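Engineer: Got a structure here, written out as structure tokens. Questions coming.
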Amino acid sequence: MFYSLSPRVTSFSTTRLGGCSTGKYASMNINHYCGDDEGHIAQNLNILAQKTGVSPDHIIVPHQVHGTTIRQVGEELLHLSAESRRMTLEGVDALITNVCGICIGVSTADCIPVLVYDPEHHASAAIHAGWRGTVQRITLLTIQAMCRSFGSQPQSLRAVIGPGISLDAFEVGDEVYEAFATAGFHMPSISLRKDKWHIDLPECNRQQLIAAGLQESLITNTGICTYHHADTYFSARRLGIQSGRIYSGIILH
């Protein structure tokens, strides 16, 4: 699924369709950290590279840990050895860049992917926001990192909130609700009590974008729930942790 952030970028989220992985990884998975066959991952990377017009080694896939580490990607990353590159991308949950021809992206399977584009400074960000990262406001922190690194002005930024778990499907324990409340989120606007608490992760991240200074009119929320559409998008809650991942990426041209 491609987004229309700008004619100067290619931005997208993969679906489960169109690859060669099997079982719970079927079929379009490029994530190395979820147990899929490396041969299948390599083939899927080649498929994605052909569709996006970049070489497979220009598609950046960090190892996310639900933290708030943000890594700026430059051309030097492309020249590192495989091991050095892996170490550089270890424990990273958001990427930013102003280098053309590199696809930065994040992997999700119910967590929220956020893609950001700065048309004034031709810079971009890809953010992985699970509930732990959301509580720590990784989306807000990434916008602030863009401002420091590229001189971005938040009011001119454009953002897409990609497929992720919806309020209806994201049932949580009291401890998760309390984590959001303690962190200062406006709970009436992001939560709902059914048999248990439910949290609206897309809305939490939309609010962070607005708090960072983005205009509401420049924020697109796909509104696609991965849990309810697990036939098309990977959902860890439906398929288990040992399953494939959606990849949401952005390429500057």
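Letters A, B, ... go to the chains of the structure tokens in the order shown; residues in each chain start at 1; ligands are counted from 1 in the same order.
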Which residues come within 7 Å of Ile190 in chain A, counting only C-alpha atoms, excluding same-chain residues fewer than 5 positions away, as a count of residues only?
Structural biologist: 4
Engineer: List the neighbours of Pro202 in chain A out to 12 Å using only C-alpha atoms; skip same-chain residues closer than 6 positions along the sequence, and give me the result as a PyMOL selection string.
Structural biologist: chain A and resi 110-114+128-131+134+139+160-168+170+189-191+208-209+219-226
Engineer: Based on the selection just made, write N, CA, C and O atoms of those residues as a compact mmCIF listing (two decimals), in the first residue's frame.
Structural biologist:
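And here is the file that came out, out26.txt:
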# COMPACT_ATOMS: atom_id res chain seq x y z
N ASP A 110 0.83 -5.17 14.69
CA ASP A 110 -0.12 -4.60 15.65
C ASP A 110 0.39 -3.27 16.22
O ASP A 110 -0.41 -2.39 16.53
N CYS A 111 1.71 -3.13 16.39
CA CYS A 111 2.25 -1.83 16.81
C CYS A 111 1.97 -0.80 15.71
O CYS A 111 1.58 -1.15 14.60
N ILE A 112 2.21 0.47 16.02
CA ILE A 112 1.84 1.54 15.11
C ILE A 112 3.07 2.06 14.36
O ILE A 112 4.03 2.51 14.99
N PRO A 113 3.05 2.00 13.02
CA PRO A 113 4.12 2.63 12.25
C PRO A 113 3.73 4.07 11.89
O PRO A 113 2.58 4.33 11.49
N VAL A 114 4.67 4.99 12.06
CA VAL A 114 4.43 6.39 11.71
C VAL A 114 5.54 6.83 10.75
O VAL A 114 6.72 6.67 11.06
N HIS A 128 8.58 3.29 15.01
CA HIS A 128 7.87 2.12 15.52
C HIS A 128 7.32 2.46 16.91
O HIS A 128 8.08 2.73 17.84
N ALA A 129 6.00 2.45 17.03
CA ALA A 129 5.36 2.86 18.29
C ALA A 129 4.45 1.75 18.79
O ALA A 129 3.25 1.71 18.49
N GLY A 130 5.02 0.82 19.55
CA GLY A 130 4.20 -0.10 20.32
C GLY A 130 3.69 0.62 21.56
O GLY A 130 3.91 1.81 21.73
N TRP A 131 3.04 -0.09 22.45
CA TRP A 131 2.47 0.65 23.59
C TRP A 131 3.58 1.18 24.49
O TRP A 131 3.45 2.29 25.03
N THR A 134 5.02 4.18 22.81
CA THR A 134 4.02 5.24 22.82
C THR A 134 3.96 5.92 24.18
O THR A 134 3.90 7.15 24.28
N THR A 139 7.12 9.07 19.26
CA THR A 139 6.77 9.88 18.09
C THR A 139 7.12 11.34 18.31
O THR A 139 7.71 11.99 17.44
N VAL A 160 1.97 10.05 8.16
CA VAL A 160 1.02 8.96 7.95
C VAL A 160 1.11 8.00 9.13
O VAL A 160 2.21 7.59 9.51
N ILE A 161 -0.04 7.68 9.70
CA ILE A 161 -0.13 6.64 10.73
C ILE A 161 -0.62 5.38 10.03
O ILE A 161 -1.75 5.33 9.54
N GLY A 162 0.24 4.38 9.95
CA GLY A 162 -0.05 3.20 9.15
C GLY A 162 -0.91 2.16 9.86
O GLY A 162 -1.42 2.40 10.97
N PRO A 163 -1.06 0.99 9.26
CA PRO A 163 -1.89 -0.07 9.84
C PRO A 163 -1.36 -0.52 11.20
O PRO A 163 -0.17 -0.76 11.37
N GLY A 164 -2.26 -0.65 12.16
CA GLY A 164 -1.91 -1.10 13.50
C GLY A 164 -3.17 -1.52 14.24
O GLY A 164 -4.28 -1.40 13.71
N ILE A 165 -3.02 -1.97 15.45
CA ILE A 165 -4.17 -2.45 16.20
C ILE A 165 -5.07 -1.29 16.62
O ILE A 165 -4.60 -0.20 16.96
N SER A 166 -6.36 -1.51 16.55
CA SER A 166 -7.34 -0.45 16.83
C SER A 166 -7.76 -0.44 18.30
O SER A 166 -7.48 -1.37 19.06
N LEU A 167 -8.44 0.62 18.69
CA LEU A 167 -8.99 0.73 20.04
C LEU A 167 -9.87 -0.47 20.35
O LEU A 167 -9.78 -1.07 21.44
N ASP A 168 -10.71 -0.86 19.43
CA ASP A 168 -11.64 -1.97 19.64
C ASP A 168 -10.91 -3.27 19.95
O ASP A 168 -11.35 -4.06 20.78
N PHE A 170 -7.51 -3.58 20.91
CA PHE A 170 -6.36 -3.53 21.82
C PHE A 170 -6.82 -3.53 23.28
O PHE A 170 -6.89 -2.51 23.94
N SER A 189 -9.80 10.44 26.08
CA SER A 189 -9.70 10.51 24.62
C SER A 189 -8.95 9.33 24.00
O SER A 189 -8.99 9.15 22.77
N ILE A 190 -8.29 8.51 24.82
CA ILE A 190 -7.50 7.40 24.27
C ILE A 190 -7.89 6.04 24.83
O ILE A 190 -7.28 5.03 24.45
N SER A 191 -8.89 5.98 25.70
CA SER A 191 -9.21 4.69 26.33
C SER A 191 -10.71 4.47 26.41
O SER A 191 -11.51 5.41 26.33
N GLN A 208 0.47 12.91 19.80
CA GLN A 208 1.88 13.29 19.94
C GLN A 208 2.35 14.13 18.76
O GLN A 208 3.13 15.07 18.92
N LEU A 209 1.90 13.79 17.57
CA LEU A 209 2.26 14.59 16.40
C LEU A 209 1.73 16.02 16.54
O LEU A 209 2.44 16.99 16.24
N ILE A 219 -1.88 15.27 8.80
CA ILE A 219 -1.72 13.94 9.40
C ILE A 219 -2.78 13.01 8.82
O ILE A 219 -3.97 13.29 8.90
N THR A 220 -2.34 11.91 8.22
CA THR A 220 -3.24 10.91 7.66
C THR A 220 -3.21 9.66 8.53
O THR A 220 -2.13 9.14 8.83
N ASN A 221 -4.38 9.21 8.95
CA ASN A 221 -4.49 7.96 9.70
C ASN A 221 -5.18 6.94 8.80
O ASN A 221 -6.32 7.15 8.38
N THR A 222 -4.49 5.85 8.46
CA THR A 222 -5.08 4.87 7.56
C THR A 222 -6.33 4.22 8.15
O THR A 222 -7.22 3.81 7.42
N GLY A 223 -6.38 4.13 9.49
CA GLY A 223 -7.54 3.53 10.13
C GLY A 223 -7.67 2.03 9.92
O GLY A 223 -8.73 1.45 10.18
N ILE A 224 -6.59 1.39 9.48
CA ILE A 224 -6.62 -0.05 9.23
C ILE A 224 -6.20 -0.80 10.49
O ILE A 224 -5.12 -0.57 11.02
N CYS A 225 -7.06 -1.70 10.97
CA CYS A 225 -6.75 -2.50 12.15
C CYS A 225 -6.12 -3.82 11.73
O CYS A 225 -6.75 -4.62 11.02
N THR A 226 -4.89 -4.05 12.14
CA THR A 226 -4.19 -5.28 11.79
C THR A 226 -4.86 -6.51 12.39
O THR A 226 -4.89 -7.57 11.76
Engineer: Where in range 47-194 of chain A does DSSP assign helix (DSSP H, G or I), given as number ranges by chain?
Structural biologist: A: 47-52, 56-58, 75-79, 82-88, 131-135, 138-150, 154-156, 174-182, 187-190
Engineer: Which of these, A:Met1, A:Ala230, A:Ala42, A:Ala183, has the shortest distance to Arg137 in chain A once you count only C-alpha atoms?
Structural biologist: A:Ala183
Engineer: Under the rule that only C-alpha atoms are counted, which of A:Gly101, A:Pro119, A:Gly39, A:Gly91 is the nearest residue to His253 in chain A?
Structural biologist: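 Closest residue, counting only C-alpha atoms: A:Gly101.
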Engineer: Between CA of Ile241 in chain A and CA of Gly133 in chain A, what is the distance, to one decimal in Å?
Structural biologist: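 Computing the Euclidean distance for CA of Ile241 in chain A and CA of Gly133 in chain A yields 17.6 Å.
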Engineer: Quick one: residues within 12 Å of Met87 in chain A, only C-alpha atoms, excluding same-chain residues fewer than 3 positions away - as a ChimeraX atom specification?
Structural biologist: /A:61-64,71,77,80-84,90-92
Engineer: Since we have the selection now, will you write its residues out, keeping N, CA and C atoms, as a PDB file, in the first residue's frame?
Structural biologist:
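Writing the result to again35.pdb gives the following:
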ATOM      1  N   VAL A  61      16.434  -2.070   7.885  1.00  0.00           N
ATOM      2  CA  VAL A  61      15.514  -2.739   8.814  1.00  0.00           C
ATOM      3  C   VAL A  61      16.169  -2.812  10.196  1.00  0.00           C
ATOM      4  N   PRO A  62      15.821  -1.914  11.112  1.00  0.00           N
ATOM      5  CA  PRO A  62      16.429  -1.952  12.451  1.00  0.00           C
ATOM      6  C   PRO A  62      15.878  -3.090  13.301  1.00  0.00           C
ATOM      7  N   HIS A  63      16.632  -3.455  14.343  1.00  0.00           N
ATOM      8  CA  HIS A  63      16.127  -4.409  15.338  1.00  0.00           C
ATOM      9  C   HIS A  63      15.498  -3.615  16.476  1.00  0.00           C
ATOM     10  N   GLN A  64      14.192  -3.611  16.508  1.00  0.00           N
ATOM     11  CA  GLN A  64      13.436  -2.782  17.452  1.00  0.00           C
ATOM     12  C   GLN A  64      13.267  -3.486  18.791  1.00  0.00           C
ATOM     13  N   ARG A  71      17.922   6.682  15.471  1.00  0.00           N
ATOM     14  CA  ARG A  71      19.199   6.667  14.765  1.00  0.00           C
ATOM     15  C   ARG A  71      19.093   7.455  13.453  1.00  0.00           C
ATOM     16  N   LEU A  77      26.366   4.312   6.493  1.00  0.00           N
ATOM     17  CA  LEU A  77      25.781   3.037   6.919  1.00  0.00           C
ATOM     18  C   LEU A  77      25.868   2.000   5.798  1.00  0.00           C
ATOM     19  N   LEU A  80      29.215  -0.005   5.679  1.00  0.00           N
ATOM     20  CA  LEU A  80      29.651  -0.821   6.809  1.00  0.00           C
ATOM     21  C   LEU A  80      29.581  -2.304   6.475  1.00  0.00           C
ATOM     22  N   SER A  81      30.360  -3.088   7.186  1.00  0.00           N
ATOM     23  CA  SER A  81      30.236  -4.541   7.062  1.00  0.00           C
ATOM     24  C   SER A  81      28.873  -4.969   7.590  1.00  0.00           C
ATOM     25  N   ALA A  82      28.456  -6.163   7.237  1.00  0.00           N
ATOM     26  CA  ALA A  82      27.146  -6.653   7.675  1.00  0.00           C
ATOM     27  C   ALA A  82      27.041  -6.646   9.198  1.00  0.00           C
ATOM     28  N   GLU A  83      28.104  -7.042   9.886  1.00  0.00           N
ATOM     29  CA  GLU A  83      28.087  -7.084  11.343  1.00  0.00           C
ATOM     30  C   GLU A  83      28.029  -5.682  11.938  1.00  0.00           C
ATOM     31  N   SER A  84      28.814  -4.751  11.400  1.00  0.00           N
ATOM     32  CA  SER A  84      28.798  -3.380  11.913  1.00  0.00           C
ATOM     33  C   SER A  84      27.446  -2.715  11.664  1.00  0.00           C
ATOM     34  N   GLU A  90      20.964  -2.112  16.011  1.00  0.00           N
ATOM     35  CA  GLU A  90      20.484  -2.883  17.157  1.00  0.00           C
ATOM     36  C   GLU A  90      19.832  -1.955  18.180  1.00  0.00           C
ATOM     37  N   GLY A  91      18.639  -2.346  18.647  1.00  0.00           N
ATOM     38  CA  GLY A  91      17.966  -1.593  19.699  1.00  0.00           C
ATOM     39  C   GLY A  91      17.440  -0.238  19.255  1.00  0.00           C
ATOM     40  N   VAL A  92      17.124  -0.110  17.970  1.00  0.00           N
ATOM     41  CA  VAL A  92      16.678   1.163  17.393  1.00  0.00           C
ATOM     42  C   VAL A  92      15.196   1.070  17.032  1.00  0.00           C
TER      43      VAL A  92
END
Engineer: Of the candidates A:Ser6, A:Asn46, A:Ser107, A:Asn98, which one gets nearest to Gly249 in chain A if we count only C-alpha atoms?
Structural biologist: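 That would be A:Ser107, the residue with the smallest distance to Gly249 in chain A.
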Engineer: Taking 2 positions as the minimum chain separation for residues in the same chain, which residues sit within 12 Å of Ser4 in chain A when counting only C-alpha atoms? Answer as a list in words.
Structural biologist: Met1, Phe2, Ser6, Pro7, Arg8, Val9, Thr10, Ser11, Phe12, Ser13, Leu115, Val116, Tyr117, Arg158, Ala159, Val160, Leu218, Ile219, Thr220, Thr222 and Ile250 of chain A
